[in-house]
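Have a look at entry_23.csv below; it lists CSV, N, CA and C atoms.
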chain,number,residue,atom,x,y,z
C,502,MET,N,185.0,311.1,286.4
C,502,MET,CA,184.6,309.8,285.9
C,502,MET,C,183.2,309.4,286.5
C,503,GLU,N,182.3,309.1,285.7
C,503,GLU,CA,181.0,308.8,286.1
C,503,GLU,C,180.9,307.3,286.4
C,504,VAL,N,180.1,307.0,287.5
C,504,VAL,CA,179.9,305.6,287.9
C,504,VAL,C,178.4,305.3,287.7
C,505,TYR,N,178.1,304.3,286.9
C,505,TYR,CA,176.7,303.9,286.6
C,505,TYR,C,176.4,302.7,287.4
C,506,LYS,N,175.3,302.7,288.1
C,506,LYS,CA,174.8,301.5,288.8
C,506,LYS,C,173.8,300.8,287.9
C,507,VAL,N,174.0,299.5,287.8
C,507,VAL,CA,173.1,298.6,287.0
C,507,VAL,C,172.1,298.0,288.0
C,508,LYS,N,170.8,298.2,287.7
C,508,LYS,CA,169.8,297.7,288.6
C,508,LYS,C,169.7,296.2,288.4
C,509,GLU,N,169.7,295.4,289.4
C,509,GLU,CA,169.6,294.0,289.4
C,509,GLU,C,168.1,293.6,289.0
C,510,ARG,N,168.0,292.9,287.9
C,510,ARG,CA,166.7,292.5,287.4
C,510,ARG,C,166.2,291.2,287.9
C,511,ARG,N,167.1,290.4,288.5
C,511,ARG,CA,166.7,289.1,288.9
C,511,ARG,C,165.7,289.2,290.1
C,512,LYS,N,164.7,288.4,290.1
C,512,LYS,CA,163.7,288.4,291.1
C,512,LYS,C,164.2,287.5,292.3
C,513,TYR,N,165.0,286.5,292.0
C,513,TYR,CA,165.4,285.5,293.1
C,513,TYR,C,166.9,285.5,293.2
C,514,GLN,N,167.4,285.1,294.4
C,514,GLN,CA,168.8,285.0,294.6
C,514,GLN,C,169.3,283.8,293.9
C,515,ARG,N,170.5,283.9,293.2
C,515,ARG,CA,171.1,282.8,292.5
C,515,ARG,C,172.2,282.1,293.4
C,516,PHE,N,172.3,280.8,293.2
C,516,PHE,CA,173.3,280.1,294.0
C,516,PHE,C,174.2,279.3,293.0
C,517,THR,N,175.5,279.4,293.1
C,517,THR,CA,176.4,278.7,292.2
C,517,THR,C,176.6,277.3,292.8
C,518,VAL,N,176.0,276.3,292.2
C,518,VAL,CA,176.0,275.0,292.6
C,518,VAL,C,175.9,274.0,291.5
C,519,GLY,N,176.7,272.9,291.5
C,519,GLY,CA,176.7,271.9,290.5
C,519,GLY,C,175.8,270.7,290.9
C,520,LEU,N,174.6,270.7,290.4
C,520,LEU,CA,173.7,269.6,290.7
C,520,LEU,C,173.5,268.8,289.4
C,521,PRO,N,173.7,267.4,289.5
C,521,PRO,CA,173.4,266.6,288.4
C,521,PRO,C,172.0,266.8,287.9
C,522,ALA,N,171.8,266.8,286.6
C,522,ALA,CA,170.4,267.0,286.1
C,522,ALA,C,170.2,266.2,284.8
C,523,GLU,N,168.9,265.9,284.6
C,523,GLU,CA,168.5,265.3,283.3
C,523,GLU,C,167.5,266.4,282.7
C,524,VAL,N,167.8,266.8,281.5
C,524,VAL,CA,166.9,267.8,280.8
C,524,VAL,C,166.4,267.1,279.6
C,525,GLU,N,165.1,267.1,279.4
C,525,GLU,CA,164.4,266.5,278.3
C,525,GLU,C,163.5,267.5,277.7
C,526,THR,N,163.5,267.6,276.3
C,526,THR,CA,162.6,268.5,275.6
C,526,THR,C,161.2,267.9,275.6
C,527,LEU,N,160.2,268.8,275.7
C,527,LEU,CA,158.9,268.3,275.7
C,527,LEU,C,158.2,268.4,274.3
C,528,ASP,N,159.0,268.6,273.3
C,528,ASP,CA,158.5,268.6,271.9
C,528,ASP,C,158.1,267.2,271.5
C,529,VAL,N,156.9,267.0,271.1
C,529,VAL,CA,156.4,265.7,270.7
C,529,VAL,C,157.1,265.2,269.5
C,530,ASP,N,157.5,266.0,268.5
C,530,ASP,CA,158.1,265.6,267.3
C,530,ASP,C,159.6,265.3,267.4
C,531,GLU,N,160.2,266.0,268.3
C,531,GLU,CA,161.7,265.9,268.4
C,531,GLU,C,162.2,265.9,269.8
C,532,LYS,N,162.0,264.8,270.5
C,532,LYS,CA,162.4,264.7,271.9
C,532,LYS,C,163.9,264.5,272.0
C,533,GLU,N,164.6,265.2,272.9
C,533,GLU,CA,166.0,265.1,273.2
C,533,GLU,C,166.2,265.0,274.7
C,534,LYS,N,167.2,264.3,275.1
C,534,LYS,CA,167.5,264.2,276.5
C,534,LYS,C,169.0,264.4,276.8
C,535,PHE,N,169.3,265.2,277.7
C,535,PHE,CA,170.7,265.5,278.0
C,535,PHE,C,171.0,265.2,279.5
C,536,SER,N,172.2,264.7,279.8
C,536,SER,CA,172.6,264.7,281.2
C,536,SER,C,173.6,265.8,281.4
C,537,LEU,N,173.2,266.8,282.3
C,537,LEU,CA,174.0,268.0,282.5
C,537,LEU,C,174.3,268.2,284.0
C,538,VAL,N,175.0,269.3,284.2
C,538,VAL,CA,175.3,269.7,285.6
C,538,VAL,C,175.0,271.2,285.7
C,539,THR,N,174.2,271.6,286.7
C,539,THR,CA,173.9,273.0,286.8
C,539,THR,C,175.1,273.9,287.0
C,540,CYS,N,175.1,275.1,286.6
C,540,CYS,CA,176.1,276.1,286.8
C,540,CYS,C,175.6,277.0,288.0
C,541,ASP,N,174.4,277.5,287.8
C,541,ASP,CA,173.8,278.2,288.9
C,541,ASP,C,172.3,278.0,288.9
C,542,ILE,N,171.6,278.2,290.0
C,542,ILE,CA,170.2,277.9,290.1
C,542,ILE,C,169.5,278.9,291.1
C,543,SER,N,168.3,279.2,290.9
C,543,SER,CA,167.5,280.1,291.8
C,543,SER,C,166.1,279.5,291.8
C,544,ALA,N,165.2,280.1,292.6
C,544,ALA,CA,163.8,279.7,292.6
C,544,ALA,C,163.1,279.9,291.3
C,545,GLY,N,163.7,280.7,290.4
C,545,GLY,CA,163.0,281.1,289.2
C,545,GLY,C,163.6,280.3,288.0
C,546,GLY,N,164.8,279.7,288.1
C,546,GLY,CA,165.3,279.0,286.9
C,546,GLY,C,166.7,278.5,287.2
C,547,VAL,N,167.3,278.0,286.1
C,547,VAL,CA,168.6,277.3,286.2
C,547,VAL,C,169.4,277.7,284.9
C,548,TYR,N,170.7,277.7,285.1
C,548,TYR,CA,171.7,277.9,284.0
C,548,TYR,C,172.6,276.7,283.9
C,549,PHE,N,172.7,276.2,282.7
C,549,PHE,CA,173.7,275.1,282.4
C,549,PHE,C,174.7,275.6,281.4
C,550,ARG,N,176.0,275.4,281.8
C,550,ARG,CA,177.1,275.7,280.9
C,550,ARG,C,177.3,274.4,280.1
C,551,THR,N,177.0,274.5,278.8
C,551,THR,CA,177.0,273.3,278.0
C,551,THR,C,177.0,273.6,276.5
C,552,GLY,N,177.5,272.7,275.7
C,552,GLY,CA,177.4,272.9,274.2
C,552,GLY,C,176.2,272.3,273.7
C,553,HIS,N,175.5,271.5,274.5
C,553,HIS,CA,174.2,270.9,274.1
C,553,HIS,C,173.1,271.8,274.4
C,554,VAL,N,172.7,272.7,273.5
C,554,VAL,CA,171.7,273.6,273.9
C,554,VAL,C,170.4,273.3,273.2
C,555,ILE,N,169.3,273.8,273.8
C,555,ILE,CA,167.9,273.6,273.3
C,555,ILE,C,167.5,275.0,272.8
C,556,PRO,N,166.9,275.2,271.6
C,556,PRO,CA,166.5,276.5,271.1
C,556,PRO,C,165.6,277.3,272.1
C,557,GLU,N,165.8,278.6,272.1
C,557,GLU,CA,164.9,279.4,272.9
C,557,GLU,C,163.5,279.2,272.6
C,558,GLY,N,162.7,279.3,273.6
C,558,GLY,CA,161.2,279.1,273.5
C,558,GLY,C,160.7,277.7,273.6
C,559,LYS,N,161.7,276.7,273.6
C,559,LYS,CA,161.3,275.3,273.7
C,559,LYS,C,161.0,275.0,275.2
C,560,GLN,N,160.0,274.0,275.4
C,560,GLN,CA,159.7,273.6,276.7
C,560,GLN,C,160.6,272.4,277.1
C,561,ALA,N,160.9,272.3,278.4
C,561,ALA,CA,161.7,271.2,278.8
C,561,ALA,C,161.3,270.7,280.2
C,562,LYS,N,161.6,269.4,280.5
C,562,LYS,CA,161.4,268.9,281.8
C,562,LYS,C,162.8,268.7,282.4
C,563,ILE,N,162.9,269.2,283.6
C,563,ILE,CA,164.2,269.1,284.3
C,563,ILE,C,164.1,268.3,285.6
C,564,GLN,N,165.0,267.3,285.7
C,564,GLN,CA,165.1,266.5,287.0
C,564,GLN,C,166.4,266.8,287.6
C,565,LEU,N,166.4,267.4,288.8
C,565,LEU,CA,167.7,267.8,289.5
C,565,LEU,C,167.9,266.8,290.6
C,566,SER,N,169.1,266.2,290.7
C,566,SER,CA,169.4,265.3,291.8
C,566,SER,C,169.9,266.1,293.0
C,567,VAL,N,169.3,265.7,294.1
C,567,VAL,CA,169.7,266.4,295.4
C,567,VAL,C,170.3,265.3,296.3
C,568,LEU,N,171.6,265.1,296.0
C,568,LEU,CA,172.4,264.1,296.8
C,568,LEU,C,173.2,264.9,297.8
C,569,ASN,N,172.6,265.2,299.0
C,569,ASN,CA,173.1,266.1,299.9
C,569,ASN,C,173.1,265.4,301.3
C,570,GLU,N,174.2,265.4,302.0
C,570,GLU,CA,174.3,264.8,303.3
C,570,GLU,C,173.4,265.5,304.3
C,571,LYS,N,173.4,266.8,304.2
C,571,LYS,CA,172.5,267.6,305.1
C,571,LYS,C,171.1,267.2,305.0
C,572,LEU,N,170.6,267.1,303.7
C,572,LEU,CA,169.2,266.7,303.5
C,572,LEU,C,169.0,265.3,304.0
C,573,LYS,N,170.0,264.4,303.9
C,573,LYS,CA,169.8,263.1,304.4
C,573,LYS,C,169.8,263.1,305.9
C,574,GLN,N,170.6,263.9,306.6
C,574,GLN,CA,170.5,264.0,308.0
C,574,GLN,C,169.2,264.6,308.5
C,575,LEU,N,168.6,265.5,307.8
C,575,LEU,CA,167.4,266.1,308.2
C,575,LEU,C,166.2,265.2,308.0
C,576,THR,N,166.1,264.6,306.8
C,576,THR,CA,165.0,263.8,306.4
C,576,THR,C,165.2,262.3,306.3
C,577,GLY,N,166.4,261.9,306.3
C,577,GLY,CA,166.7,260.5,306.2
C,577,GLY,C,166.6,260.0,304.7
C,578,LEU,N,166.5,261.0,303.8
C,578,LEU,CA,166.3,260.7,302.4
C,578,LEU,C,167.2,261.5,301.5
C,579,HIS,N,167.6,260.9,300.4
C,579,HIS,CA,168.1,261.7,299.2
C,579,HIS,C,166.9,262.0,298.3
C,580,GLY,N,167.1,262.9,297.4
C,580,GLY,CA,165.9,263.1,296.6
C,580,GLY,C,166.2,263.7,295.3
C,581,TRP,N,165.2,264.1,294.5
C,581,TRP,CA,165.3,264.8,293.3
C,581,TRP,C,164.1,265.6,293.1
C,582,ILE,N,164.3,266.7,292.3
C,582,ILE,CA,163.3,267.7,292.1
C,582,ILE,C,163.0,267.6,290.6
C,583,GLN,N,161.7,267.7,290.3
C,583,GLN,CA,161.2,267.7,288.9
C,583,GLN,C,160.4,268.9,288.6
C,584,VAL,N,160.8,269.6,287.6
C,584,VAL,CA,160.0,270.9,287.2
C,584,VAL,C,160.1,271.1,285.7
C,585,ASP,N,159.0,271.7,285.2
C,585,ASP,CA,159.0,272.0,283.7
C,585,ASP,C,159.5,273.5,283.6
C,586,GLY,N,160.0,273.8,282.4
C,586,GLY,CA,160.4,275.2,282.2
C,586,GLY,C,160.5,275.5,280.7
C,587,THR,N,160.9,276.7,280.5
C,587,THR,CA,161.0,277.2,279.1
C,587,THR,C,162.4,277.8,278.9
C,588,VAL,N,163.1,277.4,277.8
C,588,VAL,CA,164.4,277.9,277.5
C,588,VAL,C,164.3,279.4,277.2
C,589,VAL,N,164.9,280.3,278.0
C,589,VAL,CA,164.8,281.7,277.7
C,589,VAL,C,166.1,282.3,277.1
C,590,ARG,N,167.2,281.6,277.2
C,590,ARG,CA,168.4,282.1,276.7
C,590,ARG,C,169.2,280.8,276.2
C,591,SER,N,169.8,280.8,275.0
C,591,SER,CA,170.5,279.7,274.5
C,591,SER,C,171.6,280.2,273.6
C,592,GLY,N,172.8,279.7,273.9
C,592,GLY,CA,174.0,280.1,273.1
C,592,GLY,C,175.0,279.1,273.0
C,593,SER,N,176.2,279.4,272.5
C,593,SER,CA,177.2,278.4,272.2
C,593,SER,C,177.8,277.8,273.5
C,594,ILE,N,177.7,278.6,274.6
C,594,ILE,CA,178.3,278.1,275.8
C,594,ILE,C,177.3,277.6,276.9
C,595,GLY,N,176.0,277.8,276.7
C,595,GLY,CA,175.1,277.4,277.7
C,595,GLY,C,173.7,277.8,277.4
C,596,MET,N,172.8,277.5,278.3
C,596,MET,CA,171.4,277.8,278.2
C,596,MET,C,170.8,278.1,279.6
C,597,ALA,N,169.8,279.0,279.6
C,597,ALA,CA,169.0,279.3,280.8
C,597,ALA,C,167.6,278.8,280.6
C,598,ILE,N,167.1,278.2,281.6
C,598,ILE,CA,165.7,277.7,281.6
C,598,ILE,C,165.0,278.3,282.8
C,599,CYS,N,163.9,279.0,282.4
C,599,CYS,CA,163.0,279.6,283.4
C,599,CYS,C,162.0,278.6,283.9
C,600,PHE,N,161.9,278.4,285.2
C,600,PHE,CA,160.9,277.4,285.7
C,600,PHE,C,159.5,277.9,285.5
C,601,GLY,N,158.6,277.0,285.3
C,601,GLY,CA,157.2,277.3,285.1
C,601,GLY,C,156.4,276.2,285.7
C,602,GLY,N,155.2,276.5,286.1
C,602,GLY,CA,154.3,275.4,286.7
C,602,GLY,C,154.8,275.0,288.0
C,603,GLU,N,154.4,273.8,288.4
C,603,GLU,CA,154.7,273.3,289.8
C,603,GLU,C,155.9,272.5,289.8
C,604,CYS,N,156.5,272.5,291.0
C,604,CYS,CA,157.8,271.8,291.2
C,604,CYS,C,157.4,270.6,292.1
C,605,GLN,N,157.9,269.4,291.8
C,605,GLN,CA,157.7,268.2,292.6
C,605,GLN,C,159.0,267.8,293.2
C,606,LEU,N,159.0,267.4,294.5
C,606,LEU,CA,160.1,266.9,295.2
C,606,LEU,C,159.9,265.4,295.5
C,607,PHE,N,160.8,264.6,295.1
C,607,PHE,CA,160.7,263.1,295.4
C,607,PHE,C,161.8,262.7,296.3
C,608,GLY,N,161.5,261.8,297.2
C,608,GLY,CA,162.6,261.3,298.1
C,608,GLY,C,162.9,259.8,297.8
C,609,LEU,N,164.1,259.5,297.9
C,609,LEU,CA,164.6,258.1,297.8
C,609,LEU,C,165.3,257.7,299.1
C,610,THR,N,165.0,256.5,299.6
C,610,THR,CA,165.7,256.1,300.8
C,610,THR,C,167.1,255.8,300.5
C,611,GLY,N,167.9,255.9,301.6
C,611,GLY,CA,169.4,255.7,301.5
C,611,GLY,C,169.7,254.3,300.8
C,612,SER,N,168.9,253.3,301.1
C,612,SER,CA,169.2,252.0,300.5
C,612,SER,C,169.1,252.0,299.0
C,613,GLU,N,168.3,252.9,298.5
C,613,GLU,CA,168.1,252.9,297.0
C,613,GLU,C,169.3,253.6,296.4
C,614,THR,N,170.1,254.3,297.2
C,614,THR,CA,171.3,255.0,296.6
C,614,THR,C,172.6,254.4,297.2
C,615,SER,N,172.5,253.2,297.7
C,615,SER,CA,173.7,252.7,298.4
C,615,SER,C,174.9,252.4,297.5
C,616,ASN,N,174.6,252.2,296.2
C,616,ASN,CA,175.7,252.0,295.2
C,616,ASN,C,176.2,253.3,294.6
C,617,GLY,N,175.9,254.4,295.2
C,617,GLY,CA,176.4,255.7,294.8
C,617,GLY,C,175.6,256.5,293.8
C,618,ASP,N,176.2,257.6,293.3
C,618,ASP,CA,175.5,258.5,292.4
C,618,ASP,C,175.0,257.8,291.1
C,619,ARG,N,175.9,256.9,290.5
C,619,ARG,CA,175.6,256.3,289.2
C,619,ARG,C,174.2,255.6,289.3
C,620,ARG,N,174.1,254.7,290.3
C,620,ARG,CA,172.8,254.0,290.4
C,620,ARG,C,171.7,254.9,290.7
C,621,TYR,N,171.9,256.0,291.4
C,621,TYR,CA,170.8,256.9,291.7
C,621,TYR,C,170.4,257.6,290.4
C,622,GLN,N,171.4,258.0,289.6
C,622,GLN,CA,171.1,258.7,288.3
C,622,GLN,C,170.3,257.8,287.4
C,623,GLU,N,170.6,256.5,287.4
C,623,GLU,CA,169.8,255.5,286.6
C,623,GLU,C,168.4,255.4,287.1
C,624,ALA,N,168.1,255.6,288.4
C,624,ALA,CA,166.8,255.5,288.9
C,624,ALA,C,165.9,256.6,288.5
C,625,ILE,N,166.5,257.8,288.1
C,625,ILE,CA,165.6,258.9,287.7
C,625,ILE,C,165.6,259.0,286.2
Would you encode the structure as structure tokens?
Amino acid sequence: MEVYKVKERRKYQRFTVGLPAEVETLDVDEKEKFSLVTCDISAGGVYFRTGHVIPEGKQAKIQLSVLNEKLKQLTGLHGWIQVDGTVVRSGSIGMAICFGGECQLFGLTGSETSNGDRRYQEAI
């Protein structure tokens, strides 16, 4: 019996984590906006398991909520990350978006999130 090794093509380590996210298409003629949760994420992109998919090749803006107690302990802030990307894989169960361009990290003070995640999500 032969064993074949598959070479890992990914450039960055993936992390299985569910971060709340807002994904908005950057198409001028047909803007769409979805509230999703990440399935996994890396420095190079993100995968969402969802039935609301954007066609491959479309540009999107992604805002990821970072509501993490460790981050708050270290910085005193909760925050969110905003990055643009391109949909590289899209199917009936999800889509993958490759990050492109620069990433921005924004911080919010604890008082701005005192009413919980819902109020925080409305702020972004």
Distance atom C of Phe549 of chain C-atom N of Ser591 of chain C, one decimal place?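 Going from atom C of Phe549 of chain C over to atom N of Ser591 of chain C, I get 9.6 Å.
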Which neighbours of Gly592 of chain C fall inside 7 Å, counting only N, CA and C atoms, when residues of the same chain fewer than 6 positions from it are skipped, and could you give them as a PyMOL selection string? chain C and resi 551-552+554-555
Contacts of Leu527 of chain C at 8 Å (all atoms listed in the file; same-chain gap of 6+ positions) as a list in words: Glu533, Lys559, Gln560, Ala561 and Lys562 of chain C
From the set C:Gly558, C:Gly595, C:Gln564, C:Arg550, which residue has the shortest atom-to-atom contact distance to Ile582 of chain C, counting only C-alpha atoms?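 Of all the options, C:Gln564 lies closest to Ile582 of chain C.
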Between atom CA of Gly601 of chain C and atom C of Ser566 of chain C, what is the spacing in Å? 18.7 Å
As a check of understanding: the span from atom CA of Thr539 of chain C to atom C of Gln574 of chain C is 23.7 Å
For Ser536 of chain C, list every protein, DNA or RNA residue within 6.5 Å, evaluated using all atoms listed in the file, and leave out those in the same chain fewer than 5 positions away; present the list as a list in words. Ala522, Glu523 and Val524 of chain C
Write out, as a JSON list (two decimals), in the coordinates of the input, the residues just selected, with N, CA and C atoms.
[["chain", "number", "residue", "atom", "x", "y", "z"],
["C", 522, "ALA", "N", 171.80, 266.80, 286.60],
["C", 522, "ALA", "CA", 170.40, 267.00, 286.10],
["C", 522, "ALA", "C", 170.20, 266.20, 284.80],
["C", 523, "GLU", "N", 168.90, 265.90, 284.60],
["C", 523, "GLU", "CA", 168.50, 265.30, 283.30],
["C", 523, "GLU", "C", 167.50, 266.40, 282.70],
["C", 524, "VAL", "N", 167.80, 266.80, 281.50],
["C", 524, "VAL", "CA", 166.90, 267.80, 280.80],
["C", 524, "VAL", "C", 166.40, 267.10, 279.60]]
Nearest candidate to Ala544 of chain C (options C:Glu603, C:Gly580, C:Gln514, C:Leu568; using all atoms listed in the file):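 Going through C:Glu603, C:Gly580, C:Gln514, C:Leu568 one by one, the smallest distance to Ala544 of chain C is for C:Gln514.
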Exercise: Gln583 of chain C partners within 6.5 Å, all atoms listed in the file, chain neighbours under 2 positions left out, as an mmCIF file with N, CA and C atoms, in the frame of the given file:
data_model
loop_
_atom_site.group_PDB
_atom_site.id
_atom_site.type_symbol
_atom_site.label_atom_id
_atom_site.label_comp_id
_atom_site.auth_asym_id
_atom_site.auth_seq_id
_atom_site.Cartn_x
_atom_site.Cartn_y
_atom_site.Cartn_z
ATOM 1 N N ILE C 563 162.900 269.200 283.600
ATOM 2 C CA ILE C 563 164.200 269.100 284.300
ATOM 3 C C ILE C 563 164.100 268.300 285.600
ATOM 4 N N GLN C 564 165.000 267.300 285.700
ATOM 5 C CA GLN C 564 165.100 266.500 287.000
ATOM 6 C C GLN C 564 166.400 266.800 287.600
ATOM 7 N N LEU C 565 166.400 267.400 288.800
ATOM 8 C CA LEU C 565 167.700 267.800 289.500
ATOM 9 C C LEU C 565 167.900 266.800 290.600
ATOM 10 N N TRP C 581 165.200 264.100 294.500
ATOM 11 C CA TRP C 581 165.300 264.800 293.300
ATOM 12 C C TRP C 581 164.100 265.600 293.100
ATOM 13 N N ASP C 585 159.000 271.700 285.200
ATOM 14 C CA ASP C 585 159.000 272.000 283.700
ATOM 15 C C ASP C 585 159.500 273.500 283.600
ATOM 16 N N GLU C 603 154.400 273.800 288.400
ATOM 17 C CA GLU C 603 154.700 273.300 289.800
ATOM 18 C C GLU C 603 155.900 272.500 289.800
ATOM 19 N N CYS C 604 156.500 272.500 291.000
ATOM 20 C CA CYS C 604 157.800 271.800 291.200
ATOM 21 C C CYS C 604 157.400 270.600 292.100
ATOM 22 N N GLN C 605 157.900 269.400 291.800
ATOM 23 C CA GLN C 605 157.700 268.200 292.600
ATOM 24 C C GLN C 605 159.000 267.800 293.200
ATOM 25 N N LEU C 606 159.000 267.400 294.500
ATOM 26 C CA LEU C 606 160.100 266.900 295.200
ATOM 27 C C LEU C 606 159.900 265.400 295.500
ATOM 28 N N PHE C 607 160.800 264.600 295.100
ATOM 29 C CA PHE C 607 160.700 263.100 295.400
ATOM 30 C C PHE C 607 161.800 262.700 296.300
#
List every residue of segment 531-607 of chain C that DSSP, applied to the backbone of this structure, places in helix (DSSP H, G or I), and write the result as a list of chain:residue names. C:Glu570, C:Lys571, C:Leu572, C:Lys573, C:Gln574, C:Leu575, C:Thr576
From C:Asp530, C:Leu520, C:Val589, C:Val538, residue lying nearest Pro556 of chain C [all atoms listed in the file]: C:Val589
Looking at all atoms listed in the file, which of C:Asp528, C:Cys540, C:Phe535, C:Val567 is the one that sits closest to Phe516 of chain C?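 Going through C:Asp528, C:Cys540, C:Phe535, C:Val567 one by one, the smallest distance to Phe516 of chain C is for C:Cys540.
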Pick out the closest residue to Tyr513 of chain C from this set: C:Met596, C:Gly545, C:Lys534, C:Val584. Count all atoms listed in the file. C:Gly545
